[in-house]
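Undergrad: Contents of work19.txt (compact mmCIF, C-alpha atoms and all ligand atoms) are below:
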# COMPACT_ATOMS: atom_id res chain seq x y z
CA MET A 1 -22.59 20.35 -17.11
CA PRO A 2 -20.53 20.99 -20.28
CA PRO A 3 -17.50 18.73 -20.77
CA LEU A 4 -14.27 19.80 -19.09
CA SER A 5 -11.61 21.39 -21.28
CA ALA A 6 -7.83 21.15 -21.15
CA GLY A 7 -6.52 23.32 -18.31
CA ASP A 8 -9.73 23.09 -16.25
CA ARG A 9 -9.21 22.48 -12.55
CA ILE A 10 -10.33 19.35 -10.79
CA ALA A 11 -10.03 18.99 -7.01
CA LEU A 12 -9.67 15.74 -5.07
CA LEU A 13 -10.82 15.37 -1.47
CA THR A 14 -10.72 12.47 1.01
CA SER A 15 -13.16 12.56 3.89
CA GLY A 16 -14.46 10.63 6.90
CA GLY A 17 -12.76 7.53 8.29
CA ASP A 18 -9.71 6.83 6.12
CA ALA A 19 -9.62 3.57 4.19
CA PRO A 20 -6.62 1.72 2.70
CA GLY A 21 -6.69 2.37 -1.04
CA MET A 22 -7.67 6.03 -0.77
CA ASN A 23 -4.15 6.96 -1.87
CA ALA A 24 -4.38 4.58 -4.83
CA ALA A 25 -7.64 6.27 -5.80
CA LEU A 26 -5.91 9.65 -5.56
CA ARG A 27 -3.09 8.41 -7.75
CA GLY A 28 -5.54 7.02 -10.33
CA ALA A 29 -7.58 10.22 -10.34
CA ALA A 30 -4.50 12.45 -10.59
CA ARG A 31 -2.85 10.43 -13.36
CA VAL A 32 -5.98 10.15 -15.51
CA SER A 33 -6.74 13.86 -15.00
CA VAL A 34 -3.24 14.91 -16.04
CA THR A 35 -3.42 12.59 -19.05
CA LEU A 36 -6.64 14.36 -20.10
CA GLY A 37 -4.96 17.76 -19.73
CA LEU A 38 -6.70 18.80 -16.50
CA GLN A 39 -5.03 20.62 -13.61
CA VAL A 40 -5.18 18.62 -10.37
CA LEU A 41 -5.69 20.17 -6.94
CA GLY A 42 -5.81 18.46 -3.55
CA VAL A 43 -8.06 19.58 -0.69
CA GLU A 44 -6.41 19.04 2.68
CA GLU A 45 -8.29 17.31 5.52
CA GLY A 46 -11.62 16.83 3.81
CA TYR A 47 -14.42 19.35 4.22
CA VAL A 48 -12.58 20.98 7.14
CA GLY A 49 -9.80 22.01 4.76
CA LEU A 50 -12.24 22.89 2.00
CA LEU A 51 -14.08 25.52 3.99
CA GLU A 52 -10.78 26.92 5.21
CA GLY A 53 -9.61 27.19 1.59
CA ARG A 54 -6.74 24.72 2.06
CA ILE A 55 -6.55 23.69 -1.59
CA ARG A 56 -3.20 23.13 -3.30
CA PRO A 57 -1.77 21.74 -6.53
CA LEU A 58 -1.38 17.98 -6.24
CA ASP A 59 1.85 16.54 -7.55
CA VAL A 60 1.34 13.23 -9.33
CA HIS A 61 4.60 11.87 -7.95
CA GLU A 62 3.52 12.63 -4.38
CA VAL A 63 0.50 10.36 -4.83
CA ASP A 64 2.47 7.76 -6.78
CA ASP A 65 4.55 7.01 -3.75
CA ALA A 66 1.64 7.16 -1.33
CA ALA A 67 -0.46 4.70 -3.35
CA ARG A 68 1.37 1.83 -1.69
CA ARG A 69 0.45 3.08 1.78
CA GLY A 70 -2.71 3.21 3.89
CA GLY A 71 -4.26 6.41 5.22
CA THR A 72 -4.59 9.38 2.90
CA VAL A 73 -1.85 11.75 1.85
CA LEU A 74 -4.37 14.62 1.79
CA GLY A 75 -5.51 13.98 5.36
CA SER A 76 -9.11 13.37 6.36
CA ALA A 77 -11.59 14.73 8.87
CA ARG A 78 -15.23 14.79 9.89
CA SER A 79 -16.50 18.36 9.76
CA LYS A 80 -19.36 19.55 11.96
CA VAL A 81 -19.33 23.02 10.35
CA PHE A 82 -19.57 21.98 6.69
CA PRO A 83 -23.30 21.06 6.80
CA THR A 84 -24.21 24.44 8.36
CA THR A 85 -25.18 27.47 6.28
CA GLU A 86 -21.93 29.18 7.17
CA GLY A 87 -19.91 26.06 6.30
CA GLN A 88 -21.64 25.72 2.95
CA ARG A 89 -21.01 29.39 2.15
CA LYS A 90 -17.31 29.10 2.95
CA ALA A 91 -16.91 25.88 0.96
CA ARG A 92 -18.55 27.44 -2.09
CA GLU A 93 -16.38 30.54 -1.80
CA ALA A 94 -13.23 28.41 -1.61
CA LEU A 95 -14.21 26.40 -4.69
CA ALA A 96 -14.91 29.61 -6.63
CA ALA A 97 -11.69 31.28 -5.39
CA HIS A 98 -9.63 28.36 -6.71
CA ASP A 99 -11.64 28.18 -9.91
CA VAL A 100 -12.52 24.52 -9.32
CA ARG A 101 -14.75 23.06 -12.07
CA ALA A 102 -15.02 19.51 -10.74
CA LEU A 103 -14.69 17.85 -7.34
CA VAL A 104 -14.05 14.17 -6.61
CA VAL A 105 -14.95 13.12 -3.06
CA ILE A 106 -13.48 9.85 -1.80
CA GLY A 107 -15.24 8.64 1.34
CA GLY A 108 -18.27 7.01 2.92
CA ASN A 109 -21.92 7.85 3.29
CA GLY A 110 -21.56 11.21 5.08
CA SER A 111 -18.82 12.32 2.69
CA LEU A 112 -20.93 11.54 -0.37
CA ALA A 113 -23.91 13.33 1.18
CA GLY A 114 -21.60 16.34 1.52
CA ALA A 115 -20.60 16.09 -2.13
CA ARG A 116 -24.23 16.19 -3.21
CA THR A 117 -24.77 19.54 -1.48
CA LEU A 118 -22.15 21.13 -3.77
CA ALA A 119 -23.53 19.76 -7.04
CA ASP A 120 -25.03 23.12 -8.00
CA VAL A 121 -21.64 24.88 -8.02
CA VAL A 122 -19.21 22.24 -9.33
CA ALA A 123 -19.43 18.93 -11.14
CA VAL A 124 -19.18 16.33 -8.36
CA ALA A 125 -18.32 12.66 -8.39
CA GLY A 126 -17.99 10.23 -5.47
CA LEU A 127 -15.77 7.21 -4.95
CA PRO A 128 -16.95 4.82 -2.21
CA ALA A 129 -14.26 4.40 0.45
CA SER A 130 -15.01 2.97 3.89
CA ILE A 131 -13.86 -0.22 5.55
CA ASP A 132 -17.45 -0.76 6.77
CA ASN A 133 -18.90 -1.76 3.36
CA ASP A 134 -22.11 -0.02 4.32
CA LEU A 135 -22.66 1.89 1.06
CA ALA A 136 -25.21 0.84 -1.53
CA ALA A 137 -24.64 0.90 -5.31
CA THR A 138 -21.25 -0.73 -4.94
CA SER A 139 -20.54 -4.32 -3.99
CA MET A 140 -17.20 -3.31 -2.47
CA SER A 141 -15.97 -0.01 -1.09
CA ILE A 142 -12.31 0.94 -1.20
CA GLY A 143 -10.57 -0.35 1.96
CA VAL A 144 -12.85 -3.30 2.74
CA ASP A 145 -10.58 -5.96 1.24
CA THR A 146 -7.52 -4.72 3.13
CA ALA A 147 -9.44 -4.50 6.40
CA LEU A 148 -10.77 -8.01 5.90
CA ASN A 149 -7.29 -9.38 5.25
CA THR A 150 -6.00 -7.64 8.37
CA ILE A 151 -8.75 -9.18 10.50
CA VAL A 152 -8.19 -12.65 9.06
CA GLU A 153 -4.47 -12.42 9.78
CA ALA A 154 -5.22 -11.26 13.34
CA CYS A 155 -7.66 -14.15 13.86
CA ASP A 156 -5.07 -16.63 12.60
CA ARG A 157 -2.52 -15.25 15.07
CA ILE A 158 -4.97 -15.19 17.95
CA GLY A 159 -5.99 -18.74 17.01
CA ASP A 160 -2.42 -19.94 17.57
CA THR A 161 -2.22 -18.65 21.11
CA ALA A 162 -5.84 -19.65 21.82
CA SER A 163 -5.06 -23.28 20.87
CA ALA A 164 -1.94 -23.32 23.01
CA HIS A 165 -3.99 -22.42 26.11
CA ARG A 166 -7.35 -23.97 25.16
CA ARG A 167 -8.95 -20.56 25.36
CA THR A 168 -11.91 -18.73 23.91
CA PHE A 169 -11.38 -15.31 22.37
CA LEU A 170 -13.99 -12.66 21.73
CA ILE A 171 -12.55 -10.53 18.92
CA GLU A 172 -14.23 -7.20 18.25
CA VAL A 173 -13.85 -5.63 14.81
CA MET A 174 -14.81 -2.23 13.39
CA GLY A 175 -17.66 -1.76 10.96
CA ARG A 176 -19.88 0.84 12.62
CA ASP A 177 -23.48 -0.47 12.31
CA CYS A 178 -22.64 -2.99 9.62
CA GLY A 179 -21.64 -6.60 10.28
CA TYR A 180 -20.05 -7.21 6.87
CA LEU A 181 -16.42 -7.31 8.08
CA ALA A 182 -17.22 -9.53 11.06
CA MET A 183 -19.27 -11.93 8.97
CA THR A 184 -16.80 -12.31 6.12
CA ALA A 185 -13.82 -12.52 8.48
CA ALA A 186 -15.46 -15.29 10.52
CA VAL A 187 -16.03 -17.35 7.37
CA ALA A 188 -12.60 -16.63 5.88
CA SER A 189 -10.71 -17.52 9.04
CA GLY A 190 -12.90 -20.46 10.04
CA ASP A 191 -14.08 -19.08 13.37
CA ASP A 192 -16.72 -20.65 15.59
CA ALA A 193 -19.32 -17.92 15.93
CA VAL A 194 -20.09 -14.43 14.69
CA LEU A 195 -22.13 -11.71 16.36
CA VAL A 196 -23.49 -9.05 14.01
CA PRO A 197 -26.11 -6.32 14.41
CA GLU A 198 -28.07 -7.66 11.42
CA ALA A 199 -29.06 -10.73 13.48
CA ASP A 200 -30.80 -8.41 15.97
CA ARG A 201 -30.21 -10.67 19.01
CA SER A 202 -30.90 -9.82 22.64
CA GLU A 203 -27.95 -9.81 25.04
CA ASP A 204 -29.20 -13.05 26.61
CA ASP A 205 -29.28 -14.70 23.19
CA LEU A 206 -25.74 -13.51 22.41
CA VAL A 207 -24.44 -14.99 25.67
CA GLU A 208 -26.27 -18.25 25.07
CA GLY A 209 -24.96 -18.47 21.49
CA VAL A 210 -21.33 -18.05 22.57
CA ALA A 211 -21.74 -20.46 25.50
CA ARG A 212 -23.23 -23.14 23.23
CA ALA A 213 -20.44 -22.69 20.67
CA MET A 214 -17.95 -23.22 23.50
CA GLU A 215 -19.74 -26.24 24.94
CA SER A 216 -19.94 -27.87 21.55
CA ALA A 217 -16.29 -27.11 20.68
CA TYR A 218 -14.88 -28.36 23.97
CA GLY A 219 -17.40 -31.20 24.27
CA ARG A 220 -16.48 -34.86 24.56
CA ASP A 221 -16.65 -35.59 20.81
CA SER A 222 -14.39 -32.73 19.89
CA ASP A 223 -10.65 -32.30 20.13
CA LYS A 224 -10.84 -28.55 19.55
CA ARG A 225 -8.55 -26.45 21.66
CA ARG A 226 -9.77 -23.00 20.69
CA VAL A 227 -12.94 -21.04 20.11
CA LEU A 228 -12.87 -17.75 18.24
CA VAL A 229 -15.94 -15.52 18.23
CA VAL A 230 -15.93 -12.45 16.01
CA LYS A 231 -18.09 -9.61 17.30
CA ALA A 232 -18.99 -6.61 15.16
CA GLU A 233 -18.70 -3.26 16.94
CA GLY A 234 -22.30 -2.59 15.88
CA VAL A 235 -23.49 -5.22 18.38
CA LYS A 236 -24.27 -2.95 21.27
CA THR A 237 -23.22 -5.19 24.18
CA ASP A 238 -19.54 -4.39 24.69
CA ALA A 239 -17.00 -7.20 24.59
CA PRO A 240 -15.97 -7.08 28.31
CA THR A 241 -19.62 -7.30 29.38
CA LEU A 242 -20.16 -10.20 27.04
CA LYS A 243 -17.07 -11.96 28.41
CA ARG A 244 -18.26 -11.50 31.99
CA ARG A 245 -21.66 -12.93 31.24
CA VAL A 246 -20.31 -15.83 29.16
CA ASP A 247 -17.84 -16.70 31.94
CA ALA A 248 -20.70 -16.82 34.43
CA ARG A 249 -22.82 -18.91 32.08
CA VAL A 250 -20.12 -21.60 31.48
CA ALA A 251 -18.68 -21.55 35.01
CA LYS A 252 -20.13 -25.00 35.75
CA SER A 253 -20.04 -26.65 32.31
CA LEU A 254 -16.50 -25.56 31.37
CA PRO A 255 -14.77 -24.69 34.65
CA ASP A 256 -11.24 -24.89 33.18
CA VAL A 257 -11.79 -22.85 30.01
CA GLU A 258 -10.66 -19.23 30.09
CA THR A 259 -11.91 -16.45 27.86
CA ARG A 260 -10.08 -13.37 26.63
CA VAL A 261 -11.13 -10.23 24.75
CA THR A 262 -9.23 -8.60 21.88
CA VAL A 263 -10.58 -5.38 20.40
CA LEU A 264 -8.77 -4.87 17.10
CA GLY A 265 -9.89 -1.23 16.82
CA HIS A 266 -8.01 1.07 14.44
CA VAL A 267 -5.47 -1.64 13.56
CA VAL A 268 -8.12 -2.74 11.07
CA ARG A 269 -8.19 0.64 9.30
CA GLY A 270 -4.47 1.03 8.68
CA GLY A 271 -1.87 -0.78 6.63
CA SER A 272 -0.76 -1.14 3.09
CA PRO A 273 -3.70 -1.65 0.71
CA THR A 274 -4.11 -5.05 -0.92
CA ALA A 275 -3.70 -5.34 -4.69
CA PHE A 276 -7.49 -5.52 -4.97
CA ASP A 277 -7.98 -2.23 -3.10
CA ARG A 278 -5.29 -0.51 -5.18
CA LEU A 279 -6.97 -1.71 -8.37
CA LEU A 280 -10.45 -0.87 -7.12
CA GLY A 281 -9.37 2.67 -6.25
CA SER A 282 -7.59 3.09 -9.58
CA ARG A 283 -10.41 1.72 -11.71
CA LEU A 284 -13.20 3.63 -9.99
CA ALA A 285 -11.11 6.80 -10.22
CA ASN A 286 -10.40 6.23 -13.90
CA CYS A 287 -14.11 5.99 -14.70
CA ALA A 288 -15.07 8.93 -12.50
CA ILE A 289 -12.53 11.28 -14.09
CA ARG A 290 -13.38 10.21 -17.64
CA ALA A 291 -17.10 10.66 -17.01
CA LEU A 292 -16.58 14.09 -15.41
CA ALA A 293 -14.38 15.13 -18.34
CA GLU A 294 -17.20 14.22 -20.72
CA GLY A 295 -19.71 16.34 -18.81
CA GLU A 296 -21.39 13.77 -16.53
CA GLN A 297 -21.78 14.71 -12.89
CA GLY A 298 -23.57 13.99 -9.60
CA PHE A 299 -22.73 10.27 -9.57
CA MET A 300 -20.79 7.70 -7.58
CA ALA A 301 -18.60 5.18 -9.39
CA GLY A 302 -19.30 1.76 -7.84
CA TRP A 303 -18.11 -1.81 -8.29
CA CYS A 304 -20.65 -4.14 -9.93
CA GLY A 305 -22.37 -6.90 -7.94
CA PRO A 306 -25.46 -7.49 -5.80
CA GLY A 307 -27.67 -4.44 -5.39
CA VAL A 308 -25.90 -2.52 -8.17
CA THR A 309 -28.66 -2.23 -10.69
CA GLY A 310 -27.35 0.14 -13.38
CA ALA A 311 -25.61 -0.86 -16.59
CA PRO A 312 -21.80 -0.88 -16.63
CA CYS A 313 -20.26 2.39 -17.75
CA LYS A 314 -18.52 2.58 -21.10
CA TYR A 315 -15.05 2.93 -19.57
CA ASP A 316 -14.96 -0.31 -17.55
CA PRO A 317 -17.35 -3.29 -17.58
CA TYR A 318 -17.06 -3.69 -13.79
CA VAL A 319 -17.93 -0.10 -12.92
CA VAL A 320 -21.42 1.38 -12.64
CA LEU A 321 -22.11 5.12 -12.30
CA THR A 322 -25.13 5.70 -10.05
CA PRO A 323 -26.69 9.11 -9.28
CA LEU A 324 -25.68 10.29 -5.80
CA ASP A 325 -29.36 10.72 -4.85
CA THR A 326 -29.96 7.05 -5.56
CA VAL A 327 -26.79 6.00 -3.73
CA LEU A 328 -27.81 7.88 -0.59
CA ALA A 329 -31.43 6.67 -0.66
CA GLU A 330 -30.35 3.05 -1.25
CA THR A 331 -27.71 3.28 1.49
CA ALA A 332 -30.42 4.39 3.94
CA ARG A 333 -32.48 1.34 2.89
CA LEU A 334 -29.44 -0.92 3.29
CA MET A 335 -28.76 0.31 6.81
CA SER A 336 -32.42 0.15 7.87
CA GLY A 337 -32.54 -3.45 6.66
CA GLU A 338 -35.08 -2.86 3.88
CA SER A 339 -33.01 -3.38 0.74
CA GLU A 340 -32.54 -6.69 -1.08
CA VAL A 341 -28.86 -6.80 -0.07
CA ALA A 342 -29.78 -6.14 3.59
CA ARG A 343 -32.33 -8.96 3.52
CA TRP A 344 -29.74 -11.30 1.99
CA ARG A 345 -27.14 -10.34 4.60
CA ARG A 346 -29.66 -11.07 7.37
CA ARG A 347 -30.61 -14.41 5.87
CA ILE A 348 -27.02 -15.51 5.36
CA VAL A 349 -26.21 -14.85 9.04
CA HIS A 350 -28.82 -17.41 10.05
CA GLU A 351 -27.59 -19.89 7.44
CA ILE A 352 -23.94 -19.54 8.37
CA GLU A 353 -24.24 -19.64 12.17
CA PRO A 354 -24.89 -23.42 12.43
CA ILE A 355 -22.20 -24.13 9.83
CA LEU A 356 -19.58 -22.21 11.80
CA ALA A 357 -20.59 -23.84 15.09
CA ARG A 358 -20.03 -27.47 13.92
O1 LIG B 401 -16.42 4.35 9.30
C1 LIG B 401 -15.16 3.82 9.49
C2 LIG B 401 -14.90 3.59 10.94
O2 LIG B 401 -13.61 3.06 11.06
C3 LIG B 401 -15.93 2.69 11.66
O3 LIG B 401 -15.69 1.32 11.43
C4 LIG B 401 -15.74 3.10 13.10
O4 LIG B 401 -16.93 2.92 13.83
C5 LIG B 401 -15.41 4.57 13.00
O5 LIG B 401 -14.95 4.80 11.68
C6 LIG B 401 -14.36 5.04 13.97
O6 LIG B 401 -14.20 6.39 13.81
P1 LIG B 401 -13.09 7.24 14.59
O7 LIG B 401 -11.76 6.90 13.98
O8 LIG B 401 -13.48 8.64 14.35
O9 LIG B 401 -13.15 6.81 16.02
What does the file become when written as structure tokens?

TA:
Amino acid sequence: MPPLSAGDRIALLTSGGDAPGMNAALRGAARVSVTLGLQVLGVEEGYVGLLEGRIRPLDVHEVDDAARRGGTVLGSARSKVFPTTEGQRKAREALAAHDVRALVVIGGNGSLAGARTLADVVAVAGLPASIDNDLAATSMSIGVDTALNTIVEACDRIGDTASAHRRTFLIEVMGRDCGYLAMTAAVASGDDAVLVPEADRSEDDLVEGVARAMESAYGRDSDKRRVLVVKAEGVKTDAPTLKRRVDARVAKSLPDVETRVTVLGHVVRGGSPTAFDRLLGSRLANCAIRALAEGEQGFMAGWCGPGVTGAPCKYDPYVVLTPLDTVLAETARLMSGESEVARWRRRIVHEIEPILAR
């Protein structure tokens, strides 16, 4: 695509599950765009709003204020119609009607796949945003750090009450099919066990693992008064079932120990973004807008680290621009367990389990 010129229109869209830091990314994108002389538009409620033509001028001051808050000021949605022929036609018509030259999509895997389908009509760029950290070509997605901090704080609080009553808590955290949040939270808050889909354990093995962690923690040589087990939502046995089976398994060995379940749910997705997430959103947005302005397109701006193989972009030594096709293919490999990062995540689970359980 030719470089963008002053006055050209760039549209920003947030899509899929919201992630803290999306607003900071919007602010970064809007401010850099305006500085480069571009006109900034906001698409309301993701692809749902796009195909309904809900596109409006985005005021920089509106996003300035929102950058300190979670959620997304543009709204977000998951559209079933957008991937259909009719949805695609309407989305293209709306982009043409508003004379949009470039589109920045801020979201997860499905949202970036949606962006790729429009690459023949506008210059598209993606910013990875999902608390799940299940995207390839970026070591961190926008929202992960905030979600992790929220979980760690929750575990610390639960730990206080657990110790008071000498209880075991099973704490379920979001993450879809990815155990990243559960794994990192368990290490950061010093929990006793972690259950993640990457370990691929049978239900019997999960029950046995939790029971052993409890028996070792409350055993004669230990003065521990609490056991915290973090369970990723991607582990298919639900937390109440697990509790029931663990209770039955330790009924004789630990007759006085009670277990409780806390499902953190959407608490993990909200809240004010951490400084890291605000910076991540701002820096990725800065690079994406500058690259689009210079005529690059069809890429995602990712944060350097494991599995991010490209060279840093010229705007920021921590940011790598990867073609969307590569991002989507590598994400599929990450989630099917084939990529290098997936193999490392699987290995580290087995290494960390005995360390946590001591
Ligand atoms: O992808 C982000 C995420 O929060 C996942 O962790 C979770 O499985 C899902 O979205 C929940 O989606 P919804 O808010 O639509 O129930």

Undergrad: Residues at most 10 Å from ligand LIG 401 (chain B), using only C-alpha atoms and all ligand atoms? Could they come as a PyMOL selection string?

TA: chain A and resi 16-19+77-78+107-110+129-134+143+147+173-179+181+232-234+265-270

Undergrad: When distances are computed from all atoms listed in the file, which of A:Ile55, A:Val124, A:Ala251, A:Ala293 shows the smallest separation from A:Thr35?

TA: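 Closest residue, counting all atoms listed in the file: A:Ala293.
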
Undergrad: Using all atoms listed in the file, find the one residue out of A:Ile352, A:Met140, A:Val235, A:Leu228 that sits nearest to A:Asp200.

TA: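 Of all the options, A:Val235 lies closest to A:Asp200.
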
Undergrad: Could you pull the residues within 10 Å of A:Val121, counting all atoms listed in the file, minus those fewer than 3 positions along the same chain, as an MDAnalysis selection string?

TA: chainID A and resid 92:93 95:96 100:103 117:118 124

Undergrad: At a cut-off of 8 Å around the point (-18.6, -11.2, 19.1) (file coordinates), what residues fall inside when counting only C-alpha atoms? I'd like the answer as number ranges by chain.

TA: A: 170-172, 193-196, 229-232, 235, 239

Undergrad: Which residues are close to stretch 23-34 of chain A, i.e. within 7 Å by all atoms listed in the file, leaving aside same-chain residues fewer than 4 positions away? Reply as an NGL selection string.

TA: :A and (38-40 or 60 or 63-64 or 66-67 or 72-73 or 278 or 281-282 or 285-286 or 289)

Undergrad: What's around A:Met335 at 9 Å? Count all atoms listed in the file, leave out sequence neighbours fewer than 3 positions away in its own chain, and write the answer as a PyMOL selection string.

TA: chain A and resi 134-135+177-178+330-332+338-339+342

Undergrad: Could you list, as a PyMOL selection string, every residue within 7 Å of A:Thr237, counting all atoms listed in the file and ignoring same-chain residues fewer than 3 positions away?

TA: chain A and resi 203+241-242

Undergrad: For A:Tyr180, which of A:Ala211, A:Ala115, A:Leu148, A:Leu321 is the closest residue, counting all atoms listed in the file?

TA: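 Using all atoms listed in the file, A:Tyr180 sits closest to A:Leu148.
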
Undergrad: Smallest atom-to-atom distance to A:Ile151: which of A:Pro2, A:Gly302, A:Gly271, A:Gly42, using only C-alpha atoms?

TA: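 Smallest separation from A:Ile151 among the options: A:Gly271.
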
Undergrad: Give me the residues near A:Leu292 as a list of chain:residue names, where near means some atom within 9 Å (using all atoms listed in the file) and where sequence neighbours in that chain fewer than 6 positions away do not count.

TA: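 Listed by chain and then number, they are A:Met1, A:Pro3, A:Leu4, A:Ala102, A:Ala123, A:Val124, A:Ala125.
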
Undergrad: Kindly indicate which residue among A:Phe169, A:Lys80, A:Gly159, A:Val187 lies nearest to A:Ile348, using all atoms listed in the file for the distances.

TA: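 Among the listed residues, the smallest separation from A:Ile348 belongs to A:Val187.
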
Undergrad: Around the point (-16.1, -23.8, 31.0), in the coordinates given by the file, pick out the residues reaching within 12 Å, counting only C-alpha atoms, and return them as an MDAnalysis selection string.

TA: chainID A and resid 166:168 210:219 227 246:259

Undergrad: Can I get the selection written as a PDB file, in the coordinates of the input, with C-alpha atoms?

TA:
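part-v9.pdb, freshly written:
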ATOM      1  CA  ARG A 166      -7.350 -23.970  25.160  1.00  0.00           C
ATOM      2  CA  ARG A 167      -8.950 -20.560  25.360  1.00  0.00           C
ATOM      3  CA  THR A 168     -11.910 -18.730  23.910  1.00  0.00           C
ATOM      4  CA  VAL A 210     -21.330 -18.050  22.570  1.00  0.00           C
ATOM      5  CA  ALA A 211     -21.740 -20.460  25.500  1.00  0.00           C
ATOM      6  CA  ARG A 212     -23.230 -23.140  23.230  1.00  0.00           C
ATOM      7  CA  ALA A 213     -20.440 -22.690  20.670  1.00  0.00           C
ATOM      8  CA  MET A 214     -17.950 -23.220  23.500  1.00  0.00           C
ATOM      9  CA  GLU A 215     -19.740 -26.240  24.940  1.00  0.00           C
ATOM     10  CA  SER A 216     -19.940 -27.870  21.550  1.00  0.00           C
ATOM     11  CA  ALA A 217     -16.290 -27.110  20.680  1.00  0.00           C
ATOM     12  CA  TYR A 218     -14.880 -28.360  23.970  1.00  0.00           C
ATOM     13  CA  GLY A 219     -17.400 -31.200  24.270  1.00  0.00           C
ATOM     14  CA  VAL A 227     -12.940 -21.040  20.110  1.00  0.00           C
ATOM     15  CA  VAL A 246     -20.310 -15.830  29.160  1.00  0.00           C
ATOM     16  CA  ASP A 247     -17.840 -16.700  31.940  1.00  0.00           C
ATOM     17  CA  ALA A 248     -20.700 -16.820  34.430  1.00  0.00           C
ATOM     18  CA  ARG A 249     -22.820 -18.910  32.080  1.00  0.00           C
ATOM     19  CA  VAL A 250     -20.120 -21.600  31.480  1.00  0.00           C
ATOM     20  CA  ALA A 251     -18.680 -21.550  35.010  1.00  0.00           C
ATOM     21  CA  LYS A 252     -20.130 -25.000  35.750  1.00  0.00           C
ATOM     22  CA  SER A 253     -20.040 -26.650  32.310  1.00  0.00           C
ATOM     23  CA  LEU A 254     -16.500 -25.560  31.370  1.00  0.00           C
ATOM     24  CA  PRO A 255     -14.770 -24.690  34.650  1.00  0.00           C
ATOM     25  CA  ASP A 256     -11.240 -24.890  33.180  1.00  0.00           C
ATOM     26  CA  VAL A 257     -11.790 -22.850  30.010  1.00  0.00           C
ATOM     27  CA  GLU A 258     -10.660 -19.230  30.090  1.00  0.00           C
ATOM     28  CA  THR A 259     -11.910 -16.450  27.860  1.00  0.00           C
TER      29      THR A 259
END

Undergrad: Give me, please, the distance in Å between atom CA of A:Val341 and atom CA of A:Asp277, quoted to one decimal.

TA: 21.6 Å

Undergrad: Grab the atom CA of A:Tyr47 to atom CA of A:Ser336 distance for me, in Å with one decimal place.

TA: 26.6 Å
